[in-house]
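Asker: Coordinates in input.cif, mmCIF, C-alpha atoms and all ligand atoms, are listed below.
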data_data
#
loop_
_atom_site.label_atom_id
_atom_site.label_comp_id
_atom_site.auth_asym_id
_atom_site.auth_seq_id
_atom_site.Cartn_x
_atom_site.Cartn_y
_atom_site.Cartn_z
CA MET A 1 -9.55 -13.74 19.48
CA LYS A 2 -10.25 -11.72 16.31
CA LYS A 3 -7.42 -10.56 14.06
CA ASP A 4 -7.01 -7.14 12.46
CA LEU A 5 -4.43 -5.60 10.13
CA ILE A 6 -3.91 -2.02 11.20
CA SER A 7 -0.19 -1.26 10.99
CA ILE A 8 2.93 -2.87 9.61
CA ASP A 9 4.43 -2.14 13.03
CA ASP A 10 2.14 -4.82 14.46
CA LEU A 11 3.79 -7.50 12.28
CA GLY A 12 7.20 -9.06 12.82
CA LEU A 13 9.34 -10.36 9.96
CA GLU A 14 8.05 -13.88 10.50
CA GLN A 15 4.45 -12.78 10.05
CA ILE A 16 5.27 -10.69 6.98
CA LEU A 17 7.00 -13.68 5.38
CA ASP A 18 4.06 -15.86 6.33
CA TYR A 19 1.69 -13.49 4.48
CA LEU A 20 3.97 -13.53 1.41
CA ASP A 21 3.94 -17.35 1.44
CA LEU A 22 0.17 -17.43 1.92
CA ALA A 23 -0.29 -15.08 -1.05
CA ALA A 24 1.88 -17.37 -3.18
CA ARG A 25 -0.36 -20.32 -2.22
CA VAL A 26 -3.44 -18.28 -3.10
CA GLU A 27 -1.98 -17.32 -6.46
CA ALA A 28 -1.24 -20.96 -7.29
CA LEU A 29 -4.80 -22.06 -6.54
CA PRO A 30 -7.11 -22.69 -9.54
CA ASN A 31 -9.84 -20.03 -9.85
CA ALA A 32 -12.60 -22.62 -9.49
CA GLU A 33 -11.22 -23.71 -6.12
CA LYS A 34 -10.81 -20.14 -4.93
CA ALA A 35 -14.43 -19.38 -5.80
CA GLY A 36 -15.66 -21.90 -3.25
CA LEU A 37 -13.71 -20.62 -0.25
CA LEU A 38 -15.95 -17.92 1.24
CA PRO A 39 -19.60 -18.58 0.32
CA GLY A 40 -21.95 -16.60 2.54
CA LYS A 41 -19.21 -14.28 3.83
CA ILE A 42 -19.51 -10.50 3.43
CA LEU A 43 -16.80 -7.85 3.19
CA ALA A 44 -17.79 -4.25 3.91
CA THR A 45 -15.64 -1.59 2.22
CA LEU A 46 -16.03 1.74 4.02
CA PHE A 47 -14.11 4.35 2.04
CA PHE A 48 -14.19 7.87 3.47
CA GLU A 49 -11.49 8.86 0.93
CA PRO A 50 -11.25 8.27 -2.84
CA SER A 51 -9.74 5.02 -4.12
CA THR A 52 -9.58 2.93 -7.27
CA ARG A 53 -7.08 0.15 -6.59
CA THR A 54 -7.51 -0.54 -2.91
CA ARG A 55 -11.29 -0.63 -2.86
CA LEU A 56 -11.77 -2.44 -6.15
CA SER A 57 -9.00 -4.98 -5.51
CA PHE A 58 -10.50 -5.73 -2.08
CA GLU A 59 -13.88 -6.19 -3.77
CA SER A 60 -12.44 -8.29 -6.59
CA ALA A 61 -10.53 -10.39 -4.03
CA MET A 62 -13.70 -11.10 -2.03
CA CYS A 63 -15.87 -11.80 -5.12
CA ARG A 64 -13.28 -14.20 -6.53
CA LEU A 65 -13.24 -16.06 -3.22
CA GLY A 66 -16.99 -16.61 -3.53
CA GLY A 67 -17.96 -13.97 -0.99
CA ARG A 68 -19.99 -10.79 -1.38
CA VAL A 69 -19.31 -7.10 -0.86
CA ILE A 70 -21.26 -4.17 0.57
CA GLY A 71 -20.08 -0.66 1.30
CA PHE A 72 -19.70 2.92 0.17
CA SER A 73 -17.03 4.69 -1.84
CA GLU A 74 -17.56 8.16 -0.40
CA SER A 75 -18.84 9.29 2.95
CA ALA A 76 -21.30 11.66 1.22
CA ASN A 77 -23.32 8.55 0.31
CA SER A 78 -23.48 7.33 3.90
CA SER A 79 -25.17 8.64 7.03
CA THR A 80 -21.86 10.27 7.95
CA ALA A 81 -23.22 13.10 5.77
CA LYS A 82 -26.13 13.42 8.26
CA GLY A 83 -23.71 13.64 11.17
CA GLU A 84 -23.49 10.01 12.29
CA SER A 85 -20.35 9.29 14.28
CA PHE A 86 -17.60 7.01 12.98
CA SER A 87 -18.10 4.81 16.01
CA ASP A 88 -21.82 4.33 15.29
CA THR A 89 -21.05 3.59 11.63
CA ILE A 90 -18.65 0.80 12.62
CA ARG A 91 -21.04 -0.57 15.27
CA THR A 92 -23.78 -0.71 12.65
CA VAL A 93 -21.80 -2.16 9.77
CA GLU A 94 -20.41 -4.95 11.94
CA GLN A 95 -24.00 -6.20 12.20
CA TYR A 96 -24.03 -6.62 8.40
CA ALA A 97 -20.59 -8.00 7.51
CA ASP A 98 -17.90 -10.49 8.54
CA VAL A 99 -14.89 -8.27 7.86
CA ILE A 100 -14.44 -4.53 7.21
CA ALA A 101 -11.86 -2.68 5.10
CA VAL A 102 -11.77 0.99 6.06
CA ARG A 103 -10.04 3.99 4.50
CA HIS A 104 -10.17 7.34 6.25
CA PRO A 105 -8.35 10.69 5.95
CA LYS A 106 -7.63 10.80 9.68
CA GLU A 107 -4.60 8.97 11.11
CA GLY A 108 -5.51 6.36 13.72
CA THR A 109 -9.05 5.77 12.49
CA ALA A 110 -8.47 2.14 11.50
CA ARG A 111 -7.07 1.45 14.98
CA LEU A 112 -10.17 3.04 16.47
CA ALA A 113 -12.39 0.87 14.26
CA ALA A 114 -10.54 -2.24 15.44
CA GLU A 115 -11.13 -1.26 19.06
CA ILE A 116 -14.84 -0.74 18.43
CA ALA A 117 -15.63 -3.70 16.18
CA GLY A 118 -16.00 -7.32 17.15
CA ILE A 119 -15.12 -8.39 13.59
CA PRO A 120 -11.74 -8.09 11.78
CA ILE A 121 -10.69 -4.67 10.49
CA LEU A 122 -8.30 -4.10 7.57
CA ASN A 123 -6.66 -0.69 7.35
CA ALA A 124 -7.05 0.43 3.73
CA GLY A 125 -5.11 3.64 4.45
CA ASP A 126 -5.41 6.12 7.34
CA GLY A 127 -4.37 9.65 6.44
CA ALA A 128 -0.61 10.03 6.00
CA ASN A 129 0.01 7.26 8.51
CA GLN A 130 -0.05 3.71 7.13
CA HIS A 131 -1.21 1.58 4.21
CA PRO A 132 -0.25 -1.92 5.36
CA THR A 133 -2.06 -3.95 2.70
CA GLN A 134 -0.27 -1.90 0.02
CA THR A 135 3.04 -2.66 1.71
CA LEU A 136 2.39 -6.39 1.78
CA LEU A 137 1.51 -6.38 -1.92
CA ASP A 138 4.63 -4.29 -2.60
CA LEU A 139 6.80 -6.84 -0.79
CA TYR A 140 5.07 -9.66 -2.65
CA THR A 141 5.83 -7.85 -5.91
CA LEU A 142 9.50 -7.41 -4.95
CA ARG A 143 9.79 -11.08 -4.11
CA LYS A 144 8.21 -12.06 -7.42
CA PHE A 145 10.56 -9.83 -9.41
CA PHE A 146 13.78 -10.53 -7.49
CA GLY A 147 13.12 -13.78 -5.58
CA LYS A 148 13.98 -11.95 -2.35
CA VAL A 149 13.72 -8.66 -0.48
CA ASP A 150 16.94 -8.95 1.53
CA GLY A 151 19.82 -6.88 0.18
CA LEU A 152 17.80 -4.93 -2.42
CA LYS A 153 18.79 -1.37 -3.31
CA ILE A 154 15.58 0.65 -3.39
CA ALA A 155 15.18 4.32 -4.29
CA LEU A 156 12.09 5.93 -2.77
CA VAL A 157 11.18 8.95 -4.85
CA GLY A 158 8.86 11.92 -4.44
CA ASP A 159 6.63 12.67 -1.49
CA LEU A 160 8.32 10.88 1.38
CA LYS A 161 6.69 13.16 3.94
CA TYR A 162 3.01 12.51 3.32
CA SER A 163 2.94 9.18 1.44
CA ARG A 164 1.49 6.51 3.70
CA THR A 165 2.66 3.81 1.30
CA ILE A 166 6.24 5.01 1.85
CA HIS A 167 5.84 5.11 5.63
CA SER A 168 4.53 1.54 5.80
CA LEU A 169 7.04 0.25 3.26
CA CYS A 170 10.03 1.77 5.07
CA ARG A 171 8.96 0.18 8.35
CA ALA A 172 8.65 -3.21 6.67
CA LEU A 173 11.96 -2.96 4.80
CA LEU A 174 13.78 -2.30 8.07
CA ALA A 175 12.81 -5.82 9.15
CA PHE A 176 14.65 -7.41 6.20
CA ASP A 177 18.38 -7.94 5.95
CA GLY A 178 20.58 -5.23 4.47
CA VAL A 179 18.08 -3.23 2.42
CA ALA A 180 19.73 -0.02 1.14
CA MET A 181 17.25 2.82 0.71
CA THR A 182 18.02 5.98 -1.26
CA LEU A 183 15.63 8.78 -0.36
CA VAL A 184 15.02 11.08 -3.31
CA SER A 185 12.82 14.05 -2.47
CA PRO A 186 12.73 17.82 -2.30
CA GLU A 187 13.88 19.29 1.01
CA SER A 188 10.27 20.02 2.07
CA LEU A 189 9.12 16.42 1.50
CA ARG A 190 11.83 14.50 3.35
CA LEU A 191 11.05 11.24 5.15
CA PRO A 192 9.89 11.90 8.74
CA GLY A 193 12.69 11.69 11.30
CA TYR A 194 10.99 8.94 13.30
CA LEU A 195 11.45 6.64 10.30
CA THR A 196 15.11 7.42 9.61
CA LYS A 197 15.81 7.00 13.34
CA ALA A 198 14.09 3.59 13.27
CA ALA A 199 16.96 2.26 11.13
CA ALA A 200 19.29 2.40 14.16
CA GLY A 201 20.11 -1.13 15.26
CA THR A 202 18.93 -2.67 11.96
CA THR A 203 20.99 -3.74 8.93
CA ALA A 204 19.14 -1.27 6.69
CA THR A 205 20.74 1.94 5.46
CA PHE A 206 19.32 5.27 4.34
CA ARG A 207 21.05 7.87 2.19
CA GLU A 208 19.52 11.08 0.90
CA SER A 209 19.77 12.37 -2.66
CA GLU A 210 17.95 14.95 -4.74
CA SER A 211 18.95 13.27 -8.02
CA LEU A 212 16.61 10.81 -9.70
CA ALA A 213 19.28 10.16 -12.39
CA ASP A 214 21.71 9.10 -9.67
CA ALA A 215 19.12 6.69 -8.21
CA LEU A 216 18.47 5.12 -11.63
CA ARG A 217 22.13 4.19 -12.07
CA ASP A 218 22.49 2.27 -8.86
CA SER A 219 19.17 0.74 -7.79
CA ASP A 220 17.28 -2.51 -8.20
CA VAL A 221 13.99 -0.69 -7.66
CA VAL A 222 12.82 2.87 -8.16
CA TYR A 223 9.61 3.34 -6.16
CA MET A 224 7.92 6.50 -7.45
CA THR A 225 5.18 8.31 -5.56
CA ARG A 226 2.60 10.99 -6.30
CA ILE A 227 2.95 14.31 -4.49
CA GLN A 228 0.00 14.06 -2.07
CA LYS A 229 -1.81 17.33 -2.80
CA GLU A 230 -4.64 16.48 -0.40
CA ARG A 231 -2.29 16.41 2.61
CA PHE A 232 -0.71 19.86 2.11
CA PRO A 233 -1.93 22.49 4.58
CA ASP A 234 -0.85 25.19 2.10
CA LEU A 235 -1.44 24.67 -1.64
CA VAL A 236 1.21 27.28 -2.45
CA GLU A 237 3.74 24.80 -1.06
CA TYR A 238 2.24 22.03 -3.22
CA GLU A 239 2.60 24.16 -6.36
CA LYS A 240 6.31 24.55 -5.63
CA VAL A 241 7.00 20.80 -5.64
CA LYS A 242 4.18 19.21 -7.63
CA ASP A 243 6.32 18.34 -10.67
CA CYS A 244 9.66 17.90 -8.93
CA TYR A 245 10.43 14.47 -10.43
CA ARG A 246 9.37 13.01 -13.74
CA LEU A 247 10.63 9.68 -15.02
CA GLU A 248 10.71 9.30 -18.81
CA ALA A 249 11.65 6.31 -20.97
CA LYS A 250 14.75 8.02 -22.32
CA MET A 251 16.11 8.34 -18.76
CA LEU A 252 16.00 4.53 -18.49
CA GLU A 253 18.31 4.00 -21.46
CA GLY A 254 21.46 2.54 -19.93
CA ALA A 255 19.74 1.61 -16.68
CA PRO A 256 20.55 -1.89 -15.39
CA ALA A 257 18.30 -4.54 -17.01
CA ARG A 258 17.17 -5.69 -13.57
CA LEU A 259 15.81 -2.24 -12.61
CA LYS A 260 12.09 -2.23 -11.84
CA VAL A 261 9.96 0.89 -11.57
CA LEU A 262 7.15 0.57 -9.05
CA HIS A 263 4.42 3.02 -8.03
CA PRO A 264 1.42 2.44 -5.75
CA LEU A 265 -0.61 4.56 -8.23
CA PRO A 266 -2.48 6.72 -9.06
CA ARG A 267 0.24 8.56 -10.99
CA LEU A 268 0.07 12.12 -12.22
CA ASN A 269 3.12 13.44 -14.07
CA GLU A 270 5.83 11.57 -12.17
CA ILE A 271 5.96 8.65 -14.61
CA SER A 272 5.59 9.42 -18.30
CA PRO A 273 3.28 6.97 -20.12
CA ASP A 274 6.20 6.08 -22.42
CA VAL A 275 7.78 4.20 -19.48
CA ASP A 276 4.87 1.71 -19.57
CA ALA A 277 6.25 -0.06 -22.64
CA THR A 278 9.75 -0.51 -21.20
CA GLN A 279 10.97 -3.72 -19.55
CA HIS A 280 11.35 -1.71 -16.33
CA ALA A 281 7.68 -0.88 -15.74
CA GLY A 282 6.32 -3.01 -12.89
CA TYR A 283 3.46 -0.91 -11.56
CA PHE A 284 0.51 -2.58 -13.28
CA GLU A 285 1.74 -6.02 -12.23
CA GLN A 286 2.10 -4.51 -8.74
CA ALA A 287 -1.57 -3.43 -8.88
CA ARG A 288 -2.57 -6.93 -10.01
CA ASN A 289 -0.78 -8.41 -7.01
CA GLY A 290 -3.14 -6.37 -4.82
CA VAL A 291 -5.95 -8.82 -5.46
CA ILE A 292 -3.80 -11.82 -4.53
CA MET A 293 -2.42 -10.31 -1.35
CA ARG A 294 -5.86 -9.07 -0.25
CA GLN A 295 -7.32 -12.53 -0.84
CA ALA A 296 -4.61 -13.94 1.43
CA LEU A 297 -5.37 -11.33 4.11
CA ILE A 298 -9.13 -11.85 4.00
CA LEU A 299 -8.68 -15.63 4.27
CA ASP A 300 -6.32 -15.22 7.22
CA LEU A 301 -8.52 -12.75 9.10
CA LEU A 302 -11.59 -14.94 8.55
CA ASP A 303 -9.63 -17.93 9.85
CA LYS A 304 -9.95 -19.76 6.52
CA ARG A 305 -6.28 -20.07 5.58
CA ASN A 306 -6.22 -23.75 6.39
CA ASP A 307 -8.87 -24.38 3.73
CA ILE A 308 -6.24 -23.96 0.99
N1 LIG A 401 -2.44 2.45 -4.17
C1 LIG A 401 -3.61 2.98 -3.75
O1 LIG A 401 -3.86 3.08 -2.54
O2 LIG A 401 -4.43 3.38 -4.76
P1 LIG A 401 -5.92 3.90 -4.56
O3 LIG A 401 -5.82 5.24 -3.83
O4 LIG A 401 -6.49 4.02 -5.93
O5 LIG A 401 -6.64 2.90 -3.69
#
In structure tokens, write the structure found in this file.

Answerer:
Amino acid sequence: MKKDLISIDDLGLEQILDYLDLAARVEALPNAEKAGLLPGKILATLFFEPSTRTRLSFESAMCRLGGRVIGFSESANSSTAKGESFSDTIRTVEQYADVIAVRHPKEGTARLAAEIAGIPILNAGDGANQHPTQTLLDLYTLRKFFGKVDGLKIALVGDLKYSRTIHSLCRALLAFDGVAMTLVSPESLRLPGYLTKAAAGTTATFRESESLADALRDSDVVYMTRIQKERFPDLVEYEKVKDCYRLEAKMLEGAPARLKVLHPLPRLNEISPDVDATQHAGYFEQARNGVIMRQALILDLLDKRNDI
């Protein structure tokens, strides 16, 4: 039976840990060995929404495994612009590739692709719903920085309402032991209720705060997010909150040495460039881990994990 990766909700803790271990094995492999793993295999990247990291790290992952990549980076360059249905696009591309990574502005589209296609589908982000490959690379990054995920104190900052990276990450963190999440957002961008309710019966805790300074004092991780302009039905509402939080280097003076600042990127104004030079900046290493985790996922979905 083919495998897909559509939602973090489809993975239990055991499977998440297995992916983190697989990524560690991939990272330890010499480049020359990696380059011989997927000759003749093709990844299709179908991006109906803009992307830098997700698309290019998927493509880099596949190229470095010895495979090849086809695809499009905007639907205007595909026959979607002529009116072709999503379903026909997937049915066609599966004739050309061995695995598909799809990003789409509409929630549920990756699930639909998985139902249509006879080859593995990777959800590269569906609307404000989920971004599971980002979450797995985030967890991998946490484990590299801290040696564990259990028991971490993590502040989630910014757009908790529309950020799919936050939605996936929260679901995953609930599976670990005793993760304490501080939710820092304006009133209008609070985490959806279905996610806070999901903490019931787990060892995770949520507390709300509007103070970024407060979160900096008492966290292992500050996970910043961009305010997702493209998801706002009313841009007047976006203007009200667009610069609600901005982290600057001077705010990190006196922060615990262990504190790491993460961000799925792209960033706008929420992290000042002067943070990049501090010991706390972890977001470019986080982006680098995207290639490793996506290599692990491609190998698993193509049933090649036992080759390493
Ligand atoms: N983190 C992330 O999804 O970035 P891109 O939108 O550039 O892919």

Asker: From the list A:Ala44, A:Tyr223, A:Lys240, A:Ile6, which residue is nearest Arg111 (chain A) when using all atoms listed in the file?

Answerer: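 Ranked by minimum distance to Arg111 (chain A), first place goes to A:Ile6.
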
Asker: With the cut-off set at 7 Å and counting all atoms listed in the file, tabulate each residue of chain A with an atom at most that distance from an atom of ligand LIG 401 (chain A), showing the nearest atom pair and its distance in Å to one decimal, ordered by chain and increasing number, as CSV.

Answerer:
residue,atom,partner,partner_atom,distance
A:Pro50,CA,A:LIG401,O3,6.3
A:Ser51,CA,A:LIG401,O5,3.8
A:Thr52,CA,A:LIG401,O4,3.5
A:Arg53,CA,A:LIG401,O4,4.0
A:Thr54,CA,A:LIG401,O5,3.6
A:Arg55,CA,A:LIG401,O5,5.9
A:Gln134,CA,A:LIG401,N1,6.4
A:Pro264,CA,A:LIG401,N1,4.2
A:Leu265,CA,A:LIG401,N1,4.9
A:Pro266,CA,A:LIG401,O4,5.8

Asker: Give me, please, the distance in Å between CA of Tyr19 (chain A) and CA of Phe145 (chain A), quoted to one decimal.

Answerer: 16.9 Å

Asker: Interatomic distance between CA of Pro120 (chain A) and CA of Lys41 (chain A)?

Answerer: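 Interatomic distance here is 12.5 Å.
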
Asker: Hey, what's within 8 Å of region 207-211 of chain A if we count all atoms listed in the file and toss same-chain stuff fewer than 2 positions away? As a PyMOL selection string, please?

Answerer: chain A and resi 181-186+205+213-215

Asker: Within 10 Å of Glu49 (chain A), counting all atoms listed in the file, which residues qualify if same-chain residues fewer than 6 places away don't, as a ChimeraX atom specification?

Answerer: /A:73-75,102-106,124-127

Asker: So what do you get for CA of Ala81 (chain A) versus CA of Phe232 (chain A), distance-wise?

Answerer: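 Interatomic distance, CA of Ala81 (chain A) to CA of Phe232 (chain A): 23.8 Å.
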
Asker: Counting only C-alpha atoms, which residues come within 12 Å of (-12.4, -3.7, 4.9), with the point read in the file's coordinates, and could you list them as number ranges by chain?

Answerer: A: 4-6, 42-48, 54-59, 61-62, 69-73, 90, 93-94, 97-104, 110, 113-114, 117, 119-125, 133, 294-295, 297-298, 301-302

Asker: Using all atoms listed in the file, which of A:Glu115, A:Arg226, A:His263, A:Asp88 sits nearest Lys2 (chain A)?

Answerer: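 Checking each candidate against Lys2 (chain A), we get A:Glu115 as the closest.
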
Asker: Using all atoms listed in the file, which residues of region 181-243 of chain A come within 10 Å of region 275-284 of chain A, and what is the closest atom pair for each, with the distance in Å to one decimal? Give it as a tab-separated table, sorted by chain and residue number.

Answerer:
residue	atom	partner	partner_atom	distance
A:Val221	CA	A:His280	CA	9.1
A:Val222	CA	A:His280	CA	9.5
A:Tyr223	CA	A:Tyr283	CA	9.2
A:Met224	CA	A:Tyr283	CA	9.6

Asker: Store the residues of this selection in a file with C-alpha atoms, as a PDB file, in the coordinates of the input.

Answerer:
ATOM      1  CA  VAL A 221      13.990  -0.690  -7.660  1.00  0.00           C
ATOM      2  CA  VAL A 222      12.820   2.870  -8.160  1.00  0.00           C
ATOM      3  CA  TYR A 223       9.610   3.340  -6.160  1.00  0.00           C
ATOM      4  CA  MET A 224       7.920   6.500  -7.450  1.00  0.00           C
TER       5      MET A 224
END

Asker: Using the file's own x, y and z axes, what box holds all listed atoms of region 20-39 of chain A with 5 Å on each side, keeping edges along x, y and z, and what are its centre and edge lengths in Å to one decimal, as AutoDock Vina command-line options?

Answerer:
--center_x -7.8 --center_y -18.6 --center_z -4.0 --size_x 33.6 --size_y 20.2 --size_z 21.8

Asker: Which one of A:Arg68, A:Arg91, A:Arg246, A:Arg231 sits closest to Asn129 (chain A) if you count all atoms listed in the file?

Answerer: A:Arg231

Asker: Please identify all polymer residues within 6 Å of region 137-143 of chain A, counting all atoms listed in the file, omitting same-chain residues fewer than 2 positions from it, and present them as a PyMOL selection string.

Answerer: chain A and resi 20+134-135+145-149+286+289-290+293

Asker: Would you mind telling me which residue in A:Arg64, A:Thr80, A:Thr165, A:Asp234 lies nearest to Asn31 (chain A) when using all atoms listed in the file?

Answerer: A:Arg64

Asker: Could you add N, CA, C and O atoms to region 158-178 of chain A and give me the result as a CSV table (one decimal), in the coordinates of the input?

Answerer:
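Okay, this is what ended up in result.csv:
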chain,number,residue,atom,x,y,z
A,158,GLY,N,10.0,11.0,-4.4
A,158,GLY,CA,8.9,11.9,-4.4
A,158,GLY,C,8.4,12.4,-3.1
A,158,GLY,O,9.2,13.1,-2.4
A,159,ASP,N,7.2,12.1,-2.7
A,159,ASP,CA,6.6,12.7,-1.5
A,159,ASP,C,6.9,11.7,-0.3
A,159,ASP,O,6.0,10.8,-0.1
A,160,LEU,N,8.0,11.8,0.3
A,160,LEU,CA,8.3,10.9,1.4
A,160,LEU,C,7.7,11.4,2.7
A,160,LEU,O,7.7,10.6,3.7
A,161,LYS,N,7.3,12.6,2.7
A,161,LYS,CA,6.7,13.2,3.9
A,161,LYS,C,5.3,12.7,4.2
A,161,LYS,O,4.9,12.3,5.3
A,162,TYR,N,4.4,12.8,3.1
A,162,TYR,CA,3.0,12.5,3.3
A,162,TYR,C,2.5,11.1,2.8
A,162,TYR,O,1.4,10.7,3.1
A,163,SER,N,3.4,10.4,2.1
A,163,SER,CA,2.9,9.2,1.4
A,163,SER,C,2.9,8.0,2.5
A,163,SER,O,3.9,7.6,2.9
A,164,ARG,N,1.6,7.6,2.7
A,164,ARG,CA,1.5,6.5,3.7
A,164,ARG,C,2.1,5.2,3.2
A,164,ARG,O,2.5,4.3,3.9
A,165,THR,N,2.1,5.0,1.8
A,165,THR,CA,2.7,3.8,1.3
A,165,THR,C,4.2,3.8,1.6
A,165,THR,O,4.7,2.7,1.9
A,166,ILE,N,4.8,4.9,1.5
A,166,ILE,CA,6.2,5.0,1.8
A,166,ILE,C,6.5,4.7,3.3
A,166,ILE,O,7.4,4.0,3.7
A,167,HIS,N,5.6,5.3,4.2
A,167,HIS,CA,5.8,5.1,5.6
A,167,HIS,C,5.7,3.6,6.0
A,167,HIS,O,6.5,3.1,6.8
A,168,SER,N,4.7,3.0,5.5
A,168,SER,CA,4.5,1.5,5.8
A,168,SER,C,5.7,0.7,5.2
A,168,SER,O,6.2,-0.2,5.8
A,169,LEU,N,6.0,1.0,3.9
A,169,LEU,CA,7.0,0.2,3.3
A,169,LEU,C,8.4,0.4,4.0
A,169,LEU,O,9.1,-0.6,4.2
A,170,CYS,N,8.8,1.6,4.4
A,170,CYS,CA,10.0,1.8,5.1
A,170,CYS,C,10.1,0.9,6.3
A,170,CYS,O,11.1,0.3,6.6
A,171,ARG,N,9.0,1.0,7.1
A,171,ARG,CA,9.0,0.2,8.4
A,171,ARG,C,9.2,-1.3,8.1
A,171,ARG,O,9.9,-2.0,8.8
A,172,ALA,N,8.5,-1.8,7.0
A,172,ALA,CA,8.6,-3.2,6.7
A,172,ALA,C,10.1,-3.5,6.2
A,172,ALA,O,10.6,-4.6,6.6
A,173,LEU,N,10.6,-2.7,5.4
A,173,LEU,CA,12.0,-3.0,4.8
A,173,LEU,C,13.0,-3.0,5.9
A,173,LEU,O,14.0,-3.7,5.7
A,174,LEU,N,12.8,-2.3,7.0
A,174,LEU,CA,13.8,-2.3,8.1
A,174,LEU,C,13.9,-3.7,8.7
A,174,LEU,O,14.9,-4.0,9.3
A,175,ALA,N,12.8,-4.5,8.5
A,175,ALA,CA,12.8,-5.8,9.2
A,175,ALA,C,13.6,-6.8,8.3
A,175,ALA,O,14.0,-7.9,8.8
A,176,PHE,N,13.9,-6.5,7.1
A,176,PHE,CA,14.6,-7.4,6.2
A,176,PHE,C,16.1,-7.2,6.4
A,176,PHE,O,16.6,-6.2,7.0
A,177,ASP,N,16.9,-8.0,5.7
A,177,ASP,CA,18.4,-7.9,6.0
A,177,ASP,C,19.0,-7.1,4.9
A,177,ASP,O,18.9,-7.3,3.7
A,178,GLY,N,19.7,-6.0,5.3
A,178,GLY,CA,20.6,-5.2,4.5
A,178,GLY,C,19.9,-4.5,3.3
A,178,GLY,O,20.5,-4.4,2.2
